[in-house]
$ cat target_38.tsv   # TSV, C-alpha atoms
chain	number	residue	atom	x	y	z
A	1	MET	CA	117.83	88.60	107.34
A	2	VAL	CA	114.06	88.68	107.31
A	3	LEU	CA	112.38	87.01	110.29
A	4	ALA	CA	108.72	86.78	111.26
A	5	ASN	CA	109.18	89.23	114.10
A	6	CYS	CA	107.11	92.36	113.53
A	7	ARG	CA	104.66	91.52	116.32
A	8	ALA	CA	107.55	91.11	118.75
A	9	GLN	CA	108.72	94.67	118.09
A	10	PHE	CA	105.56	96.67	118.66
A	11	THR	CA	106.08	99.73	120.83
A	12	ALA	CA	104.07	101.17	123.70
A	13	THR	CA	102.88	103.83	121.26
A	14	ASP	CA	101.64	101.08	118.94
A	15	PHE	CA	99.59	99.49	121.70
A	16	ASP	CA	98.24	102.88	122.70
A	17	PHE	CA	97.16	103.49	119.10
A	18	VAL	CA	95.42	100.10	118.91
A	19	ALA	CA	93.69	100.67	122.25
A	20	ASN	CA	92.48	104.13	121.26
A	21	VAL	CA	91.10	102.96	117.91
A	22	LEU	CA	89.30	99.96	119.36
A	23	SER	CA	88.00	101.87	122.37
A	24	LYS	CA	86.25	104.25	119.98
A	25	GLN	CA	84.72	101.31	118.12
A	26	ALA	CA	83.56	99.43	121.21
A	27	ASN	CA	82.80	102.55	123.24
A	28	GLN	CA	84.82	101.14	126.12
A	29	HIS	CA	88.37	101.17	127.45
A	30	ILE	CA	90.79	98.54	126.10
A	31	CYS	CA	93.27	97.40	128.75
A	32	LEU	CA	96.84	97.91	127.55
A	33	VAL	CA	98.12	95.34	130.04
A	34	GLU	CA	95.94	92.72	128.36
A	35	LEU	CA	97.24	93.76	124.94
A	36	LEU	CA	100.84	93.48	126.08
A	37	SER	CA	100.59	90.27	128.06
A	38	ASP	CA	98.28	88.03	126.03
A	39	PRO	CA	99.51	87.24	122.47
A	40	GLU	CA	96.20	85.59	121.55
A	41	CYS	CA	94.22	88.63	122.67
A	42	ARG	CA	96.67	90.89	120.83
A	43	ASP	CA	96.29	88.93	117.60
A	44	GLU	CA	92.51	89.04	117.79
A	45	MET	CA	92.56	92.80	118.29
A	46	LEU	CA	95.00	93.32	115.42
A	47	ASP	CA	92.49	91.66	113.08
A	48	HIS	CA	89.84	94.31	113.76
A	49	GLU	CA	88.74	96.03	110.54
A	50	ALA	CA	88.99	99.47	112.17
A	51	LEU	CA	92.79	99.30	112.39
A	52	PRO	CA	93.70	99.34	108.67
A	53	GLN	CA	91.17	102.13	108.16
A	54	ALA	CA	92.78	104.16	110.93
A	55	LEU	CA	96.31	103.48	109.70
A	56	LEU	CA	95.45	104.71	106.21
A	57	SER	CA	93.92	107.90	107.59
A	58	GLN	CA	95.95	110.95	108.49
A	59	GLU	CA	95.53	110.06	112.16
A	60	GLY	CA	97.26	106.73	111.67
A	61	GLN	CA	100.34	108.21	110.04
A	62	VAL	CA	101.61	109.69	113.30
A	63	GLY	CA	103.64	107.81	115.85
A	64	VAL	CA	103.13	104.13	114.98
A	65	SER	CA	106.07	101.89	114.11
A	66	GLN	CA	106.67	100.51	110.63
A	67	GLN	CA	106.27	97.05	112.13
A	68	LEU	CA	102.67	97.73	113.22
A	69	TYR	CA	101.84	99.58	110.01
A	70	PHE	CA	103.08	96.84	107.70
A	71	TYR	CA	101.75	93.96	109.81
A	72	VAL	CA	98.17	95.22	110.00
A	73	LEU	CA	97.97	96.15	106.31
A	74	THR	CA	99.71	92.96	105.16
A	75	ARG	CA	97.47	90.79	107.31
A	76	THR	CA	94.42	92.56	105.86
A	77	VAL	CA	95.27	91.98	102.19
A	78	LEU	CA	96.48	88.41	102.76
A	79	ARG	CA	93.19	87.47	104.40
A	80	ARG	CA	91.35	88.78	101.35
A	81	GLN	CA	93.34	86.23	99.34
A	82	GLY	CA	92.32	83.47	101.74
A	83	ILE	CA	95.68	83.37	103.57
A	84	GLU	CA	94.97	83.19	107.30
A	85	ASP	CA	98.38	82.25	108.72
A	86	ARG	CA	99.59	85.00	111.07
A	87	GLU	CA	103.23	83.87	110.98
A	88	LEU	CA	103.22	84.28	107.20
A	89	ALA	CA	101.69	87.75	107.54
A	90	ASP	CA	104.33	88.61	110.11
A	91	TYR	CA	107.10	87.43	107.79
A	92	ILE	CA	105.85	89.36	104.75
A	93	ALA	CA	105.33	92.46	106.90
A	94	ALA	CA	108.94	92.16	108.10
A	95	LEU	CA	110.02	91.81	104.46
A	96	LEU	CA	108.27	95.07	103.53
A	97	TRP	CA	109.74	96.81	106.56
A	98	GLN	CA	113.29	95.67	105.85
A	99	PHE	CA	113.19	96.17	102.09
A	100	SER	CA	112.00	99.74	102.52
A	101	THR	CA	115.72	100.35	103.18
A	102	THR	CA	117.85	100.04	100.03
A	103	GLN	CA	120.83	98.51	101.83
A	104	ARG	CA	118.72	95.67	103.21
A	105	MET	CA	117.15	95.08	99.82
A	106	GLN	CA	120.61	94.55	98.33
A	107	SER	CA	122.03	92.23	100.99
A	108	PRO	CA	121.03	88.65	101.92
A	109	HIS	CA	122.46	89.08	105.42
A	110	GLU	CA	124.16	91.86	107.36
A	111	LYS	CA	127.22	89.65	108.00
A	112	LEU	CA	127.77	88.76	104.34
A	113	PRO	CA	129.79	90.99	101.99
A	114	HIS	CA	127.42	90.38	99.07
A	115	ARG	CA	125.55	93.33	97.56
A	116	PHE	CA	123.20	92.40	94.73
A	117	GLN	CA	121.21	94.48	92.29
A	118	TYR	CA	119.97	91.79	89.88
A	119	ILE	CA	118.51	88.32	90.37
A	120	ALA	CA	120.92	87.05	87.69
A	121	ASP	CA	123.83	88.11	89.94
A	122	MET	CA	122.28	86.29	92.90
A	123	LEU	CA	121.86	83.10	90.87
A	124	ALA	CA	125.45	83.34	89.63
A	125	ALA	CA	126.74	83.74	93.19
A	126	LEU	CA	125.24	80.39	94.17
A	127	SER	CA	127.95	78.51	92.25
A	128	SER	CA	130.72	79.65	94.60
A	129	ALA	CA	128.73	79.98	97.83
A	130	SER	CA	129.03	77.74	100.87
A	131	ALA	CA	125.96	75.77	101.93
A	132	ALA	CA	124.98	78.41	104.52
A	133	GLU	CA	125.61	81.27	102.09
A	134	ALA	CA	123.59	79.52	99.38
A	135	PHE	CA	120.67	79.21	101.79
A	136	LEU	CA	120.78	82.92	102.61
A	137	ILE	CA	121.06	83.86	98.92
A	138	ARG	CA	118.13	81.63	97.94
A	139	VAL	CA	115.97	83.15	100.66
A	140	HIS	CA	116.99	86.59	99.45
A	141	ILE	CA	116.06	85.70	95.87
A	142	GLY	CA	112.61	84.59	97.03
A	143	ASN	CA	112.15	87.72	99.12
A	144	TYR	CA	113.38	89.97	96.34
A	145	ALA	CA	111.12	88.35	93.74
A	146	LEU	CA	108.07	88.63	96.01
A	147	PHE	CA	108.80	92.24	96.93
A	148	LEU	CA	109.31	93.43	93.35
A	149	SER	CA	106.46	91.47	91.76
A	150	GLY	CA	104.14	92.34	94.65
A	151	MET	CA	104.83	96.00	95.28
A	152	PHE	CA	106.06	97.04	91.83
A	153	HIS	CA	104.07	94.85	89.46
A	154	ALA	CA	103.21	97.70	87.07
A	155	TRP	CA	106.89	98.70	86.91
A	156	ILE	CA	107.86	95.14	85.98
A	157	GLU	CA	105.25	95.07	83.23
A	158	ARG	CA	106.56	98.35	81.80
A	159	ARG	CA	110.14	97.05	81.78
A	160	GLN	CA	108.97	93.82	80.15
A	161	GLN	CA	108.11	95.84	77.06
A	162	ARG	CA	111.82	96.72	76.79
A	163	GLY	CA	112.95	93.11	77.06
A	164	ALA	CA	113.31	92.74	80.84
A	165	PRO	CA	111.95	89.65	82.65
A	166	ASP	CA	108.17	89.39	82.82
A	167	PRO	CA	106.11	88.76	86.00
A	168	SER	CA	106.12	84.99	85.42
A	169	PHE	CA	109.91	84.97	85.75
A	170	TYR	CA	109.71	86.46	89.23
A	171	GLU	CA	107.02	83.98	90.21
A	172	GLN	CA	108.99	80.98	88.98
A	173	VAL	CA	112.30	82.00	90.53
A	174	GLY	CA	110.60	83.04	93.77
A	175	LYS	CA	108.71	79.77	94.15
A	176	SER	CA	111.75	77.62	93.37
A	177	SER	CA	113.98	79.60	95.74
A	178	PHE	CA	111.56	79.34	98.65
A	179	ARG	CA	110.99	75.65	97.92
A	180	THR	CA	114.73	74.92	98.11
A	181	ALA	CA	115.19	77.08	101.21
A	182	ALA	CA	112.33	75.31	103.01
A	183	THR	CA	114.24	72.01	103.02
A	184	HIS	CA	117.48	73.42	104.44
A	185	LYS	CA	118.38	72.65	108.05
A	186	LEU	CA	118.83	76.36	108.77
A	187	ALA	CA	115.19	76.95	107.87
A	188	TYR	CA	114.18	74.58	110.66
A	189	GLN	CA	116.62	76.14	113.11
A	190	LEU	CA	115.16	79.57	112.34
A	191	GLU	CA	111.62	78.14	112.56
A	192	LEU	CA	110.92	79.41	109.04
A	193	ALA	CA	110.60	76.14	107.11
A	194	GLN	CA	106.80	76.29	107.18
A	195	VAL	CA	106.78	79.94	106.08
A	196	TYR	CA	109.11	79.22	103.16
A	197	GLY	CA	107.00	76.21	102.20
A	198	GLN	CA	103.85	78.30	102.20
A	199	LEU	CA	105.49	80.94	100.03
A	200	ALA	CA	106.68	78.27	97.61
A	201	GLU	CA	103.16	76.92	97.22
A	202	GLY	CA	101.25	80.18	97.53
A	203	PHE	CA	103.62	82.68	95.93
A	204	ARG	CA	101.01	83.92	93.45
A	205	ASP	CA	98.35	84.52	96.13
A	206	ALA	CA	100.87	86.40	98.28
A	207	ARG	CA	101.92	88.45	95.27
A	208	LEU	CA	98.31	89.33	94.44
A	209	ALA	CA	97.78	90.47	98.02
A	210	LEU	CA	100.81	92.74	97.78
A	211	ASN	CA	99.56	94.07	94.43
A	212	GLU	CA	96.45	95.24	96.27
A	213	LEU	CA	98.51	96.74	99.07
A	214	ALA	CA	100.72	98.60	96.59
A	215	GLN	CA	97.66	100.15	94.97
A	216	THR	CA	96.55	101.34	98.39
A	217	VAL	CA	99.74	102.80	99.83
A	218	TRP	CA	101.96	103.57	96.82
A	219	LYS	CA	101.46	105.31	93.50
A	220	PRO	CA	101.06	102.81	90.62
A	221	ASN	CA	103.98	104.35	88.70
A	222	ASP	CA	106.44	104.23	91.59
A	223	ALA	CA	109.75	102.50	90.91
A	224	PRO	CA	111.68	100.39	93.46
A	225	PRO	CA	114.19	102.07	95.77
A	226	LEU	CA	116.97	100.86	93.45
A	227	SER	CA	118.05	101.87	89.96
A	228	LEU	CA	117.48	98.48	88.34

$ encode --input "target_38.tsv" --output "structure tokens"
Amino acid sequence: MVLANCRAQFTATDFDFVANVLSKQANQHICLVELLSDPECRDEMLDHEALPQALLSQEGQVGVSQQLYFYVLTRTVLRRQGIEDRELADYIAALLWQFSTTQRMQSPHEKLPHRFQYIADMLAALSSASAAEAFLIRVHIGNYALFLSGMFHAWIERRQQRGAPDPSFYEQVGKSSFRTAATHKLAYQLELAQVYGQLAEGFRDARLALNELAQTVWKPNDAPPLSL
């Protein structure tokens, strides 16, 4: 499942990339040991405006992990929407990283047999799910709704013209799913209750941030990595 753990998975190459970019900006050497050992220092450096610019250049396409790429760009667009929470940025970045793989986009959890292609199927599965399974499915619905409405908003609008759900449907079902998930005991055990609560209240702002990101990194007419 999706966890707020992109920053915990940065590689040595990622830190080298960050150090090189910031050294050029500050005209001085950035100590990698400091980057690796001090989370507060790391977070401050990751907020530097030079990083998203470098990542979107040809230079930034080589060698960095998906976790660094998605975290820096997600953090950038969320801040433009007034969302400053780094844990939330980390979570949404992990969502983009995981959902870039079709299998992860279809499954609420690697240990569950469920494979979903439609939100209607996810909602129907709730009626026969255990409490733990229902939690995982609700989280997956919220993630799925945010991912589609954020990164493929134009695609949703085109399908709406043929009778498919409109963007407001994804917002409503996403907000309600995150709101329910935030109160579950597993959310507290996973230390994600606050993240789910923020997504329930700020789903639209998060979606708008991802709309901006999609315009930057993907073609507007792209369709999701599923035949929906």

$ residues_around --input "target_38.tsv" --residues "A:Gly174" --least-positions-apart "2" --cutoff "9 Å" --atoms "all atoms listed in the file" --output "list in words"
Arg138, Val139, Ile141, Gly142, Asn143, Tyr144, Ala145, Leu146, Phe169, Tyr170, Glu171, Gln172, Ser176, Ser177, Phe178, Arg179, Leu199, Ala200 and Phe203 of chain A

$ atom_distance --input "target_38.tsv" --atom1 "atom CA of A:Leu3" --atom2 "atom CA of A:Ala94"
6.6 Å

$ closest_residue --input "target_38.tsv" --among "A:Ala89, A:Tyr71, A:Pro165, A:Glu191" --to "A:Ala120" --atoms "all atoms listed in the file"
A:Pro165

$ closest_residue --input "target_38.tsv" --among "A:Glu157, A:Asp121, A:Asp90, A:Asp14" --to "A:His140" --atoms "all atoms listed in the file"
A:Asp121

$ atom_distance --input "target_38.tsv" --atom1 "atom CA of A:Ala214" --atom2 "atom CA of A:Ala50"
19.5 Å

$ closest_residue --input "target_38.tsv" --among "A:Ala124, A:Leu208, A:Leu96, A:Ala182" --to "A:Pro167" --atoms "all atoms listed in the file"
A:Leu208

$ atom_distance --input "target_38.tsv" --atom1 "atom CA of A:Arg86" --atom2 "atom CA of A:Gln198"
11.9 Å

$ residues_around --input "target_38.tsv" --residues "stretch 215-217 of chain A" --least-positions-apart "6" --cutoff "12 Å" --atoms "all atoms listed in the file" --output "PDB file with C-alpha atoms, in the coordinates of the input"
ATOM      1  CA  PRO A  52      93.700  99.340 108.670  1.00  0.00           C
ATOM      2  CA  GLN A  53      91.170 102.130 108.160  1.00  0.00           C
ATOM      3  CA  LEU A  55      96.310 103.480 109.700  1.00  0.00           C
ATOM      4  CA  LEU A  56      95.450 104.710 106.210  1.00  0.00           C
ATOM      5  CA  SER A  57      93.920 107.900 107.590  1.00  0.00           C
ATOM      6  CA  GLN A  61     100.340 108.210 110.040  1.00  0.00           C
ATOM      7  CA  TYR A  69     101.840  99.580 110.010  1.00  0.00           C
ATOM      8  CA  PHE A  70     103.080  96.840 107.700  1.00  0.00           C
ATOM      9  CA  LEU A  73      97.970  96.150 106.310  1.00  0.00           C
ATOM     10  CA  THR A  74      99.710  92.960 105.160  1.00  0.00           C
ATOM     11  CA  THR A  76      94.420  92.560 105.860  1.00  0.00           C
ATOM     12  CA  VAL A  77      95.270  91.980 102.190  1.00  0.00           C
ATOM     13  CA  GLY A 150     104.140  92.340  94.650  1.00  0.00           C
ATOM     14  CA  MET A 151     104.830  96.000  95.280  1.00  0.00           C
ATOM     15  CA  PHE A 152     106.060  97.040  91.830  1.00  0.00           C
ATOM     16  CA  HIS A 153     104.070  94.850  89.460  1.00  0.00           C
ATOM     17  CA  ALA A 154     103.210  97.700  87.070  1.00  0.00           C
ATOM     18  CA  LEU A 208      98.310  89.330  94.440  1.00  0.00           C
ATOM     19  CA  ALA A 209      97.780  90.470  98.020  1.00  0.00           C
TER      20      ALA A 209
END

$ residues_around --input "target_38.tsv" --residues "A:Ala187" --least-positions-apart "2" --cutoff "12 Å" --atoms "all atoms listed in the file" --output "number ranges by chain"
A: 1-3, 132, 135-136, 138-139, 178-185, 189-197

$ closest_residue --input "target_38.tsv" --among "A:His48, A:Ser65, A:Asp85, A:Arg115" --to "A:Phe15" --atoms "only C-alpha atoms"
A:Ser65

$ closest_residue --input "target_38.tsv" --among "A:Arg159, A:Arg207, A:Tyr118, A:Glu40" --to "A:Leu78" --atoms "only C-alpha atoms"
A:Arg207
